[in-house]
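Coordinates from model.cif are shown below (mmCIF, C-alpha atoms and all ligand atoms).
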```
data_start
#
loop_
_atom_site.group_PDB
_atom_site.id
_atom_site.type_symbol
_atom_site.label_atom_id
_atom_site.label_comp_id
_atom_site.auth_asym_id
_atom_site.auth_seq_id
_atom_site.Cartn_x
_atom_site.Cartn_y
_atom_site.Cartn_z
ATOM 1 C CA MET S 1 15.299 29.958 6.026
ATOM 2 C CA PRO S 2 12.933 27.669 4.120
ATOM 3 C CA GLN S 3 13.475 27.707 0.384
ATOM 4 C CA THR S 4 10.697 28.024 -2.130
ATOM 5 C CA ALA S 5 9.948 25.081 -4.387
ATOM 6 C CA SER S 6 10.348 25.614 -8.115
ATOM 7 C CA PRO S 7 7.211 27.026 -9.785
ATOM 8 C CA ALA S 8 7.483 24.386 -12.540
ATOM 9 C CA LEU S 9 7.237 21.618 -9.930
ATOM 10 C CA ILE S 10 4.136 23.232 -8.427
ATOM 11 C CA ASP S 11 2.576 23.609 -11.895
ATOM 12 C CA ASP S 12 3.174 19.900 -12.584
ATOM 13 C CA LEU S 13 1.641 18.989 -9.226
ATOM 14 C CA VAL S 14 -1.472 21.018 -10.034
ATOM 15 C CA ALA S 15 -1.698 19.447 -13.518
ATOM 16 C CA ALA S 16 -1.299 15.979 -11.976
ATOM 17 C CA ASN S 17 -4.240 16.595 -9.638
ATOM 18 C CA HIS S 18 -6.429 17.468 -12.615
ATOM 19 C CA ILE S 19 -5.162 14.609 -14.806
ATOM 20 C CA LEU S 20 -5.836 12.015 -12.106
ATOM 21 C CA VAL S 21 -9.411 13.228 -11.695
ATOM 22 C CA ASN S 22 -9.967 13.323 -15.450
ATOM 23 C CA GLU S 23 -8.579 9.792 -15.914
ATOM 24 C CA GLY S 24 -10.764 8.325 -13.132
ATOM 25 C CA VAL S 25 -8.031 7.640 -10.567
ATOM 26 C CA LEU S 26 -9.028 10.373 -8.074
ATOM 27 C CA ASP S 27 -12.520 11.731 -7.459
ATOM 28 C CA GLY S 28 -13.468 14.044 -4.592
ATOM 29 C CA PHE S 29 -10.937 12.101 -2.515
ATOM 30 C CA GLY S 30 -7.338 10.946 -2.749
ATOM 31 C CA HIS S 31 -4.155 12.995 -3.115
ATOM 32 C CA ILE S 32 -0.812 13.357 -4.872
ATOM 33 C CA SER S 33 2.359 14.813 -3.388
ATOM 34 C CA VAL S 34 5.876 15.533 -4.616
ATOM 35 C CA ARG S 35 9.097 15.723 -2.609
ATOM 36 C CA HIS S 36 10.288 19.333 -2.208
ATOM 37 C CA ASP S 37 13.064 20.011 -4.741
ATOM 38 C CA GLN S 38 15.030 22.268 -2.345
ATOM 39 C CA GLN S 39 14.351 20.500 0.983
ATOM 40 C CA PRO S 40 14.266 16.692 0.663
ATOM 41 C CA ASP S 41 12.769 16.303 4.166
ATOM 42 C CA ARG S 42 9.613 18.094 3.059
ATOM 43 C CA PHE S 43 6.957 17.526 0.446
ATOM 44 C CA LEU S 44 4.358 19.532 -1.441
ATOM 45 C CA ILE S 45 0.681 18.585 -1.347
ATOM 46 C CA ALA S 46 -2.645 20.378 -1.753
ATOM 47 C CA ARG S 47 -4.475 21.665 1.289
ATOM 48 C CA SER S 48 -7.414 19.468 2.276
ATOM 49 C CA MET S 49 -9.699 19.853 -0.754
ATOM 50 C CA ALA S 50 -11.062 18.090 -3.855
ATOM 51 C CA PRO S 51 -8.143 17.419 -6.249
ATOM 52 C CA GLY S 52 -10.080 18.581 -9.310
ATOM 53 C CA LEU S 53 -10.198 22.140 -7.935
ATOM 54 C CA VAL S 54 -6.543 22.485 -6.847
ATOM 55 C CA THR S 55 -4.618 25.590 -8.009
ATOM 56 C CA ALA S 56 -0.993 26.639 -7.361
ATOM 57 C CA GLU S 57 -2.199 28.759 -4.412
ATOM 58 C CA ASP S 58 -3.580 25.637 -2.712
ATOM 59 C CA ILE S 59 -0.227 23.843 -2.433
ATOM 60 C CA VAL S 60 1.240 23.635 1.086
ATOM 61 C CA VAL S 61 4.550 22.314 2.458
ATOM 62 C CA CYS S 62 4.516 19.379 4.869
ATOM 63 C CA ASP S 63 7.416 17.820 6.821
ATOM 64 C CA LEU S 64 8.106 14.128 7.414
ATOM 65 C CA ASP S 65 6.364 14.218 10.813
ATOM 66 C CA GLY S 66 3.172 15.308 9.061
ATOM 67 C CA ASN S 67 3.286 18.960 10.171
ATOM 68 C CA VAL S 68 2.193 21.589 7.650
ATOM 69 C CA HIS S 69 4.412 24.689 7.398
ATOM 70 C CA ASP S 70 2.041 27.316 6.095
ATOM 71 C CA ALA S 71 1.922 31.014 6.953
ATOM 72 C CA GLN S 72 -1.858 30.949 6.575
ATOM 73 C CA GLY S 73 -2.228 28.010 8.972
ATOM 74 C CA ARG S 74 -3.950 25.824 6.406
ATOM 75 C CA LYS S 75 -4.324 22.063 6.915
ATOM 76 C CA THR S 76 -3.730 19.182 4.567
ATOM 77 C CA TYR S 77 -5.291 15.739 4.385
ATOM 78 C CA VAL S 78 -5.801 13.459 7.429
ATOM 79 C CA GLU S 79 -3.949 10.714 5.530
ATOM 80 C CA ARG S 80 -0.801 12.806 4.961
ATOM 81 C CA PHE S 81 1.120 10.114 6.928
ATOM 82 C CA ILE S 82 0.913 7.865 3.853
ATOM 83 C CA HIS S 83 3.165 10.391 2.108
ATOM 84 C CA SER S 84 5.436 11.412 4.998
ATOM 85 C CA GLU S 85 6.352 7.880 6.035
ATOM 86 C CA ILE S 86 6.977 6.679 2.475
ATOM 87 C CA TYR S 87 9.299 9.659 1.832
ATOM 88 C CA ARG S 88 11.105 8.792 5.075
ATOM 89 C CA ALA S 89 11.462 5.092 4.249
ATOM 90 C CA ARG S 90 12.249 5.489 0.535
ATOM 91 C CA PRO S 91 14.829 8.180 -0.343
ATOM 92 C CA ASP S 92 14.416 7.162 -4.010
ATOM 93 C CA VAL S 93 10.742 8.162 -4.012
ATOM 94 C CA LYS S 94 9.987 11.664 -5.281
ATOM 95 C CA ALA S 95 6.216 11.465 -5.752
ATOM 96 C CA VAL S 96 3.339 9.588 -4.084
ATOM 97 C CA ILE S 97 -0.337 9.078 -4.993
ATOM 98 C CA HIS S 98 -3.007 7.735 -2.680
ATOM 99 C CA SER S 99 -6.283 6.933 -4.394
ATOM 100 C CA HIS S 100 -9.456 4.899 -4.103
ATOM 101 C CA SER S 101 -8.961 3.851 -7.752
ATOM 102 C CA PRO S 102 -12.121 1.723 -8.194
ATOM 103 C CA ALA S 103 -11.021 -1.264 -10.328
ATOM 104 C CA VAL S 104 -8.171 -1.948 -7.893
ATOM 105 C CA ILE S 105 -10.392 -2.481 -4.830
ATOM 106 C CA PRO S 106 -11.432 -6.110 -5.637
ATOM 107 C CA PHE S 107 -7.762 -7.181 -5.562
ATOM 108 C CA GLY S 108 -7.377 -5.993 -1.973
ATOM 109 C CA VAL S 109 -10.379 -7.901 -0.646
ATOM 110 C CA THR S 110 -10.068 -11.300 -2.366
ATOM 111 C CA GLY S 111 -7.361 -13.895 -2.841
ATOM 112 C CA ALA S 112 -6.751 -12.601 -6.379
ATOM 113 C CA ARG S 113 -3.407 -10.779 -6.521
ATOM 114 C CA LEU S 114 -2.817 -7.833 -8.816
ATOM 115 C CA ARG S 115 -0.079 -8.750 -11.321
ATOM 116 C CA PRO S 116 1.155 -7.210 -14.589
ATOM 117 C CA ILE S 117 -1.082 -8.387 -17.404
ATOM 118 C CA CYS S 118 0.465 -6.208 -20.138
ATOM 119 C CA HIS S 119 3.648 -4.300 -20.900
ATOM 120 C CA MET S 120 2.232 -0.926 -19.834
ATOM 121 C CA SER S 121 2.014 -2.123 -16.242
ATOM 122 C CA GLY S 122 5.388 -3.840 -15.938
ATOM 123 C CA PHE S 123 6.155 -1.558 -12.979
ATOM 124 C CA LEU S 124 3.796 -3.780 -10.909
ATOM 125 C CA GLY S 125 6.662 -6.290 -10.714
ATOM 126 C CA ALA S 126 6.064 -9.901 -9.671
ATOM 127 C CA GLN S 127 2.937 -9.084 -7.664
ATOM 128 C CA VAL S 128 1.545 -6.224 -5.615
ATOM 129 C CA PRO S 129 1.599 -6.286 -1.778
ATOM 130 C CA VAL S 130 -1.642 -5.779 0.174
ATOM 131 C CA PHE S 131 -1.658 -3.747 3.392
ATOM 132 C CA GLU S 132 -4.018 -5.114 6.063
ATOM 133 C CA ILE S 133 -4.790 -2.376 8.605
ATOM 134 C CA ARG S 134 -6.338 -4.901 11.036
ATOM 135 C CA ARG S 135 -2.903 -6.383 11.686
ATOM 136 C CA MET S 136 -1.811 -3.064 13.215
ATOM 137 C CA ALA S 137 -4.971 -1.475 14.468
ATOM 138 C CA GLY S 138 -7.655 -4.110 15.040
ATOM 139 C CA GLU S 139 -11.091 -4.617 13.570
ATOM 140 C CA ALA S 140 -12.825 -1.315 14.299
ATOM 141 C CA THR S 141 -10.870 1.389 12.410
ATOM 142 C CA ASP S 142 -12.297 3.673 9.707
ATOM 143 C CA LEU S 143 -9.477 2.235 7.501
ATOM 144 C CA LEU S 144 -7.716 5.600 7.196
ATOM 145 C CA ILE S 145 -3.978 6.088 7.714
ATOM 146 C CA ARG S 146 -4.491 8.589 10.530
ATOM 147 C CA ASN S 147 -1.091 8.553 12.273
ATOM 148 C CA GLN S 148 2.632 7.955 11.886
ATOM 149 C CA ALA S 149 2.497 4.361 13.157
ATOM 150 C CA LEU S 150 0.002 3.370 10.469
ATOM 151 C CA GLY S 151 2.009 5.265 7.848
ATOM 152 C CA LYS S 152 5.166 3.392 8.859
ATOM 153 C CA ALA S 153 3.374 0.026 8.691
ATOM 154 C CA LEU S 154 2.075 0.832 5.214
ATOM 155 C CA ALA S 155 5.534 1.967 4.061
ATOM 156 C CA ALA S 156 7.007 -1.288 5.417
ATOM 157 C CA ASP S 157 4.492 -3.388 3.468
ATOM 158 C CA LEU S 158 5.162 -1.334 0.323
ATOM 159 C CA GLY S 159 8.843 -2.232 0.673
ATOM 160 C CA GLN S 160 10.661 -1.593 -2.613
ATOM 161 C CA SER S 161 7.471 -1.980 -4.714
ATOM 162 C CA ALA S 162 5.890 0.702 -6.899
ATOM 163 C CA VAL S 163 2.350 -0.023 -5.682
ATOM 164 C CA ALA S 164 0.684 -1.348 -2.526
ATOM 165 C CA LEU S 165 -3.020 -2.059 -2.159
ATOM 166 C CA MET S 166 -4.873 -1.083 0.992
ATOM 167 C CA ARG S 167 -7.554 -3.646 1.821
ATOM 168 C CA GLY S 168 -11.081 -2.268 1.508
ATOM 169 C CA HIS S 169 -9.764 1.247 0.890
ATOM 170 C CA GLY S 170 -7.559 1.904 -2.127
ATOM 171 C CA ASN S 171 -3.907 1.927 -3.025
ATOM 172 C CA VAL S 172 -0.664 3.861 -2.902
ATOM 173 C CA VAL S 173 1.622 4.374 -5.893
ATOM 174 C CA VAL S 174 5.168 5.778 -5.796
ATOM 175 C CA GLY S 175 7.612 7.032 -8.408
ATOM 176 C CA VAL S 176 10.774 8.988 -9.075
ATOM 177 C CA SER S 177 8.844 11.906 -10.618
ATOM 178 C CA ILE S 178 5.338 13.332 -10.956
ATOM 179 C CA GLN S 179 5.125 12.092 -14.534
ATOM 180 C CA GLN S 180 6.143 8.573 -13.584
ATOM 181 C CA VAL S 181 3.809 8.292 -10.599
ATOM 182 C CA VAL S 182 0.849 9.585 -12.647
ATOM 183 C CA PHE S 183 1.629 7.071 -15.414
ATOM 184 C CA ARG S 184 1.779 4.289 -12.833
ATOM 185 C CA ALA S 185 -1.469 5.243 -11.089
ATOM 186 C CA ILE S 186 -3.380 5.384 -14.387
ATOM 187 C CA TYR S 187 -2.006 2.047 -15.594
ATOM 188 C CA THR S 188 -2.570 0.398 -12.198
ATOM 189 C CA GLU S 189 -6.262 1.161 -12.620
ATOM 190 C CA GLY S 190 -6.132 -0.060 -16.261
ATOM 191 C CA ASN S 191 -4.323 -3.277 -15.321
ATOM 192 C CA ALA S 192 -6.924 -4.018 -12.629
ATOM 193 C CA ARG S 193 -9.728 -3.575 -15.166
ATOM 194 C CA LEU S 194 -8.035 -5.829 -17.756
ATOM 195 C CA GLN S 195 -7.097 -8.450 -15.200
ATOM 196 C CA SER S 196 -10.692 -8.664 -13.881
ATOM 197 C CA GLU S 197 -11.886 -9.146 -17.443
ATOM 198 C CA ALA S 198 -9.259 -11.770 -18.284
ATOM 199 C CA MET S 199 -9.982 -13.691 -15.071
ATOM 200 C CA ARG S 200 -13.517 -14.302 -16.330
ATOM 201 C CA MET S 201 -12.152 -15.837 -19.538
ATOM 202 C CA GLY S 202 -9.677 -18.286 -18.078
ATOM 203 C CA GLU S 203 -6.182 -18.726 -16.775
ATOM 204 C CA ILE S 204 -4.005 -15.653 -17.298
ATOM 205 C CA ASN S 205 -0.545 -15.690 -18.849
ATOM 206 C CA PHE S 206 1.071 -12.839 -16.863
ATOM 207 C CA LEU S 207 4.350 -11.082 -17.675
ATOM 208 C CA THR S 208 7.377 -12.776 -16.133
ATOM 209 C CA PRO S 209 9.268 -10.623 -13.592
ATOM 210 C CA GLU S 210 11.975 -10.143 -16.255
ATOM 211 C CA GLU S 211 9.469 -9.041 -18.890
ATOM 212 C CA ALA S 212 7.875 -6.737 -16.345
ATOM 213 C CA LYS S 213 11.241 -5.110 -15.564
ATOM 214 C CA ALA S 214 12.221 -4.700 -19.220
ATOM 215 C CA ALA S 215 8.822 -3.245 -20.155
ATOM 216 C CA SER S 216 8.905 -0.862 -17.199
ATOM 217 C CA ASP S 217 12.397 0.395 -18.147
ATOM 218 C CA MET S 218 11.209 0.939 -21.710
ATOM 219 C CA ASN S 219 8.105 2.888 -20.662
ATOM 220 C CA ASP S 220 10.159 5.127 -18.373
ATOM 221 C CA GLU S 221 11.850 6.504 -21.503
ATOM 222 C CA HIS S 222 8.537 7.804 -22.851
ATOM 223 C CA LEU S 223 6.690 9.286 -19.886
ATOM 224 C CA GLY S 224 6.390 12.704 -21.517
ATOM 225 C CA ARG S 225 4.251 11.423 -24.365
ATOM 226 C CA PRO S 226 1.074 10.373 -22.517
ATOM 227 C CA TRP S 227 1.582 13.205 -19.981
ATOM 228 C CA GLU S 228 0.982 15.878 -22.633
ATOM 229 C CA VAL S 229 -2.159 14.126 -23.892
ATOM 230 C CA TRP S 230 -3.571 13.605 -20.406
ATOM 231 C CA LYS S 231 -2.875 17.233 -19.555
ATOM 232 C CA LYS S 232 -4.580 18.521 -22.672
ATOM 233 C CA ARG S 233 -7.584 16.238 -22.180
ATOM 234 C CA ALA S 234 -8.011 17.481 -18.589
ATOM 235 C CA GLN S 235 -7.825 21.102 -19.796
ATOM 236 C CA GLN S 236 -10.375 20.399 -22.532
ATOM 237 C CA ASN S 237 -12.702 19.068 -19.864
ATOM 238 C CA GLY S 238 -12.371 22.301 -17.900
ATOM 239 C CA LEU S 239 -10.016 20.930 -15.244
HETATM 240 MN MN MN H 1 -8.028 7.189 1.555
#
```

What does the file become when written as structure tokens?
Amino acid sequence: MPQTASPALIDDLVAANHILVNEGVLDGFGHISVRHDQQPDRFLIARSMAPGLVTAEDIVVCDLDGNVHDAQGRKTYVERFIHSEIYRARPDVKAVIHSHSPAVIPFGVTGARLRPICHMSGFLGAQVPVFEIRRMAGEATDLLIRNQALGKALAADLGQSAVALMRGHGNVVVGVSIQQVVFRAIYTEGNARLQSEAMRMGEINFLTPEEAKAASDMNDEHLGRPWEVWKKRAQQNGL
């Protein structure tokens, strides 16, 4: 008998949808999921809809083959395989965001690599991998992760990283909780903006991998602080 996910987890997932829209990470597209707290081989995600409008009633349960288990027969996003294959490959991952986060796009299509420019984005590590869909699927795709094979290839390129860019498309961010993954997605966008700016001024003095690790560990202690502000700001904006 399938077990129901905790209502608090669903509430956080709904809040995360709204926060990510309000902070400019998601728009009408993109999605966040969380691993089911009672059934680790399933995850929770909104049905196929704009993230800014998601309510608790819109959350469906999906398995790691990408099948939705929903009494009402509702569907979720075409790119659900991003989530399912990362949960399969990374038992440590409890939450996943796929977005078209705008400032990040230039780093997937040029030789410039996204790297941590400040302590808030230490989770980026040494540098961020870039997934090239052409390597798997040729030169005529619509760039979407439409099946398990593409999801597996993306998960392989992500490896043990927190973030992977998807060339000409967007990025995927993973974390051990909803709060952590939201923090990471927002600061990935912020790092991309700052790095683009700094690149115009000259050579960049990036964090060392050790600084990045230490800063990331430090920030993980304080994830609740920005979360409350982001949540309130989204509510104030009617989300
Ligand atoms: Mn997409």

- [ ] Could you please extract the residues within 9 Å of ligand MN 1 (chain H), counting only C-alpha atoms and all ligand atoms, and hand them back as a list in words?
- [x] Phe29, Gly30, His31, Val78, Glu79, His98, Ser99, His100, Leu143, Leu144, Ile145, Met166, His169, Gly170 and Asn171 of chain S

TODO: Would you mind reading off the distance between atom CA of S:Gln127 and atom CA of S:Val181, one decimal, in Å?
DONE: 17.6 Å

Task: Shell of 9 Å around S:Pro40, only C-alpha atoms, local chain residues under 4 positions omitted, as a PyMOL selection string - done: chain S and resi 35-36+87+91+94

Task: Nearest candidate to S:Ile178 (options S:Asp142, S:Asp220, S:Asp12, S:Asp58; using all atoms listed in the file) - done: S:Asp12

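Once the PyMOL selection byres (((chain S and resi 129-137) around 8) and not hetatm) is applied to this file, the selection holds Gly108, Gln127, Val128, Gly138, Glu139, Ala140, Thr141, Leu143, Leu150, Ala153, Leu154, Asp157, Leu158, Ser161, Val163, Ala164, Leu165, Met166 and Arg167 of chain S.
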
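Among the candidate residues S:Pro116, S:Gly175, S:Gly73, S:Gly24, the one lying nearest to S:Val96 is S:Gly175, with distances computed using all atoms listed in the file.
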
Task: Between atom CA of S:Gln236 and atom CA of S:Leu9 - distance in Å to one decimal - done: 21.7 Å

TODO: Pull out every residue that the PyMOL selection byres (((chain S and resi 191) around 9) and not hetatm) matches in the shown coordinates and put them as a PyMOL selection string.
DONE: chain S and resi 103-104+114-118+120-121+186-190+192-196

Task: Nearby residues, (9.3, 25.1, 2.6) file frame, 12 Å, all atoms listed in the file, as a PyMOL selection string - done: chain S and resi 1-6+35-45+59-63+67-71

- [ ] Identify which of the residues S:Val109, S:Val172, S:Ala126, S:Val21 lies closest to S:Glu211, counting only C-alpha atoms when measuring atom-to-atom distances.
- [x] S:Ala126

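Among the candidates S:Gly224, S:Lys231, S:Ala56, S:Phe107, the one nearest to S:Ala8 when counting only C-alpha atoms is S:Ala56.
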
As lines of an AutoDock Vina configuration file, please report the centre and edge lengths, rounded to one decimal in Å, of the axis-aligned box that holds all listed atoms of stretch 52-59 of chain S with 6 Å of padding on each of the six sides.
```
center_x = -5.2
center_y = 23.7
center_z = -5.9
size_x = 22.0
size_y = 22.2
size_z = 18.9
```
